[in-house]
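Worksheet for the structure shown next.
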Amino acid sequence: MKKTHIIILIGIAGLIAGLISFSADFSTYDSIASAQKKQEKFVHIIAKLDKSQPVEYDPIKNPNYLIFHAVDSLGGKTKVIYHNSKPTDLEKSERLVLKGKMHQDYFECKDILLKCPSKYKDEKSTLEKNVNEQTESNSLNRP
Amino acid sequence: MNFEGEHLLIGQLGHFFVILAFVSSLISMISYFSASRQVDTIKKNNWLKFAGYSFMIQAASLAVIFGIVFFICKNHYYEYMYAYKHASKELESKYLLACIWEGQEGSFLLWSIWHGALGLIFILNKNQDRKNNWQAPVMTIISMAQFFLTLMILGVYVFDVKIGNSLFSLTRNEIAAPIFSQPNYLSFIKDGMGLNVLLRNYWMVIHPPVLFLGFASTIIPFAFAYAGLQTKKFGEWISPALPWALFCVAVLGVGIMMGGKWAYESLSFGGYWAWDPVENASLVPWLILIAGIHTMLIYRSTQNALRASYLFVILSFVFVLYSTFLTRTGILGDTSVHSFTEAGKAINIMIGIFVLSFAGPLLFLFFRNYKNIPAIAAEESTDSREFWMFIGSLVFFLSAIFIIVVTSIPVYNKTPFLKDLILKINGGQLAMPENAEFLYNKVMVMVAIIVGILTAIAQYFKYKKTPREFLLKKIIVPTVIAVLLTVVIAIVYPFEYNKNGPGFLGAIYLAFFASIYALVANAMYISTVLKNNLKFAGGSIAHLGFALMIAGMLISSSNKKVISDSSANGINLNMGVDPMTKQQDNPKENLTLIRQVPATMGDYKVSYLKDSAGNEKGRKFFLLQFDKKEKDKNKIVESFILQPDVYIMKDNNMSSNPDTKSYLTKDIFTYITYAINQEKNEDTASFKITEMKEGDTGFYSNGYFILNEVVKNPSNEKYQFRQNDLALMADITFYSKDSMRYRARPLIEVDSLGIVQVDDTVYAQNLFVKFSGVNDDRKVKIGIKESDSFIDFVTVKTFIFPYINLVWLGLIIMALGITTSMIHRAGFNKTQSTIALIFAIAGLFYMFLFAN
């Protein structure tokens with residue numbers, strides 16, 4: 001390693017670091033309650049679909065308009081609007097990572113990451129459920 | 001209890017071979033290590049021989065294990081957990097391999113099989129220098145990796161702690177369910193869970209083996225670096241390691257882009273690269289090893305950059321291990337679309353130990369010997385090739401570090417102390433910014449600019465010192481051509497990526513210029529300096545391919561267009577003000593197509609014709625007709641049908657596969673975003689009967705209809721009747737208020753069983769049309785039912801990717817260039833080179849452009 005190298009290396013690293021710190025607004029993982037405190041700020045919320053409330057989606061009227069309600073583990077609730085098509089696993093998902101901004105009375109979601117049990121083959125509960133479902137039809141034969 | 005119908009012997013056999021592989025890898029590791037410490041030649045050779053045999057036993061055992069797992073899955077032995085979890089009877093046989101590497105245990109097996117194969121090649125090579133100097137230390141490292149990988153699939157309990165997950169564990173031992181209390185439980189398990197539908201794909205068969213071969217082969221340069229430190233022959237390992245490093249970047253590069261092609265072609269990610277943590281984790285070792293290859297080349301020619309070579313080669317394998325840690329411990333959980341799960345705490349700890357036991361000692365050895373590694377005190381001059389190559393390597397390395405630093409965000413949130421610091425400063429756990437792609441792109445576009453320009457000019461420099469006149473004379477022509485070419489392209493086909501402001505667009509243009517410059521300069525270097533001697537042009541060919549790939553990426557990403565714009569057609573009229581957000585609704589990317597109602601997408605009129613079932617359960621294809629008309633004329637100039645499909649699973653889940661119409665210059669890419677029709681409303685409407693003669697007019701709520709004619713025993717594209725059948729078809733045209741015309745052809749037939757009516761539908765007008773019968777005075781009874789709910793629709797997203805073929809072509813050229821270079825550096829004879837090249841060319845073209 002020569003002096004020139006070191007200088008250039010530091011220069012490039014500095015440039016990159018500068019670029020990042022200058023313009024990257026790293027976001028946060030928040031609960032619904034804490035997100036409501038920082039309105040209009042881009043946050044990540046980890047929540048669940050609130051199944052007690054209806055999911056509104058009518059692709060014939062507008063395929064880019066979905067309304068549902070989310071609830072998080074601390075009990076916070078919010079209405080969510082998502083300007084995109086409805087992720088088809090939504091009802092089945094176990095956990096949602098909602099990326100977007102909190103407004104006065106709703107959360108405007110830009111992106112949803114779904115965590116679905118169907119993908120988690122490795123989880124024992126899923127496997128157990130599957131075995132039981134499969135054999136339910138034979139339950140009468142059980143001694 | 002004795003269970004009926006189980007095949008336990010084969011699993012016990014499998015388990016035996018796992019233990020055999022484990023023990024023999026341990027023995028070969030110890031004996032190779034002993035051999036490497038031995039000075040006495042005879043003793044050394046004895047150790048080597050012994051170690052070689054035990055490595056061979058180990059490699060053969062792995063092959064047998066693979067065979068047994070394959071057999072269990074193929075024969076649906078669901079008493080084995082692995083078969084139950086990953087295989088199913090409906091699975092097409094081509095996916096049998098894919099279901100082996102779907103699971104974590106199977107992919108560890110695949111990885112270790114590649115290590116075994118590479119190790120065997122290394123042992124069986126008759127080269128004396130390699131045998132005497134390098135075999136022992138290199139194979140120590142490979143055997144050590146094998147020890148850890150077989151440990152992961154060992155499945156043995158030591159004091160209640162399970163070491164590794166066995167491929168041969170039994171379903172009844174793994175999960176608790178009432179049926180397992182019955183001896184005949186197997187007769188209840190009708191089928192396995194099968195391969196995840198997302199993974200039922202040609203690429204799932206081919207992408208993992210290639211990617212894992214790439215990962216596996218990074219160990220060899222790493223092992224050579226260890227050998228250099230261990231034998232204190234600090235610089236001599238570079239030459240024998242170089243062809244392996246080239247092999248590795250070729251295979252790993254191809255493997256990574258195969259993943260991209262898969263994502264592009266068959267997953268609904270909408271592109272080939274998304275800066276997903278899993279993609280990044282595979283890219284980082286590749287970038288670092290590219291840096292390593294360049295520093296190794298510098299060392300070969302100038303004795304410079306040896307320390308950097310050590311560092312890069314060591315880190316590339318360390319980052320392969322680190323990416324294993326990221327993707328397999330579930331730590332990426334909330335950040336990746338890939339759903340990787342924890343395989344249990346014990347495995348996580350083992351993966352951690354695996355990573356640390358390679359990274360720790362090697363980095364320790366490296367830094368302890370740092371002072372002893374020879375380095376040239378004098379500084380390289382700025383008019384030497386090595387100087388600029390070194391800068392390029394540094395840029396590659398730093399870009400890799402940048403990517404991994406950002407990708408590791410979820411790790412920081414779980415690191416003690418650091419996590420508290422983050423909470424304090426950031427006000428919450430750290431997460432990616434709103435525009436995560438841009439965070440990567442704005443740095444990588446700079447990297448592309450620097451690397452592109454360096455790739456263009458560095459070769460025109462000579463090692464040590466370059467005469468100024470020579471450089472200027474050679475470089476002026478490609479520079480001028482590249483500038484002109486960029487300007488012409490920018491005028492004819494400008495980039496339209498304004499999302500991140502004019503500054504970024506400018507950077508894209510600069511990067512595009514840099515890639516064109518690299519392309520032209522390398523092409524000219526091959527013809528003017530190398531005189532078209534392709535044997536020595538591997539590097540330039542690879543650079544040319546790389547430049548082409550970058551150019552293709554810039555074009556296809558910058559000018560990617562969504563054409564399924566919901567504002568551009570009559571169905572989804574602009575929604576106006578959103579009732580909730582009180583904001584003007586922008587046109588969005590999804591478009592709902594109602595069956596038989598054409599909609600506008602860009603230059604195309606698109607109609608959803610019909611759906612059809614696929615071979616597999618729950619698979620449904622949607623036929624979308626794309627027509628492009630000449631401007632102001634009615635002539636259709638382009639017409640094709642795309643058939644994106646979905647798997648509809650129980651609980652109304654669906655997984656979507658795109659379909660693409662590929663032209664040389666663009667791809668039209670479409671996939672289904674929503675295809676689940678609501679439960680049909682209870683249809684209360686009834687048929688209203690109109691009696692009419694040919695030529696009569698009837699009415700319905702939205703217009704009128706005319707009975708054109710009644711055809712006896714029709715024979716057309718819809719019905720085929722013969723002369724002596726008894727069938728009548730009514731040919732009816734519907735004229736709706738908005739002056740659209742629709743045709744319906746219901747039919748009535750009398751056969752031996754009675755009267756059969758074949759109704760027709762006009763989806764666009766929600767009409768069911770029935771041929772109800774014939775009146776006494778020869779009038780025809782036509783039944784019309786108007787349903788209030790829409791009947792059939794599908795929501796789609798459609799993109800146009802321009803010039804995406806440049807990406808694949810560039811990749812192929814790059815891989816071939818690296819292969820050429822590898823052949824040259826490994827000193828293959830003519831036959832070997834020809835075979836290797838033909839194999840590479842045929843394989844790459846087949847896999848990327850023709851298969852599937």
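Labels used: A, B, ... for chains in the order of the structure tokens, numbers from 1 for residues in each chain, and numbers from 1 for ligands as shown.
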
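For Glu108 (chain A), the list of residues within 7 Å, based on only C-alpha atoms and with local chain neighbours fewer than 6 positions off taken out, reads Val80, Ile81, Tyr82, Gly100, Lys101 and Met102 of chain A.
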
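Residues of chain B lying within 6 Å of chain A, counting only C-alpha atoms, are Phe188, Glu379, Gly428, Gln429, Leu430, Ala431, Met432, Pro433, Asn590, Asn653 and Met654 of chain B.
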
For this session: Excluding Asp383 (chain B) and residues on its chain fewer than 5 positions from it, collect all residues at most 12 Å away from it, counting only C-alpha atoms, and give them as a count of residues only.
Result: 18

For this session: With a distance cut-off of 10 Å and only C-alpha atoms, select the neighbouring residues of Tyr264 (chain B), excluding the residue or stretch itself and same-chain residues fewer than 6 positions from it, and output the selection as a ChimeraX atom specification.
Result: /B:258,270-273,658,660,669
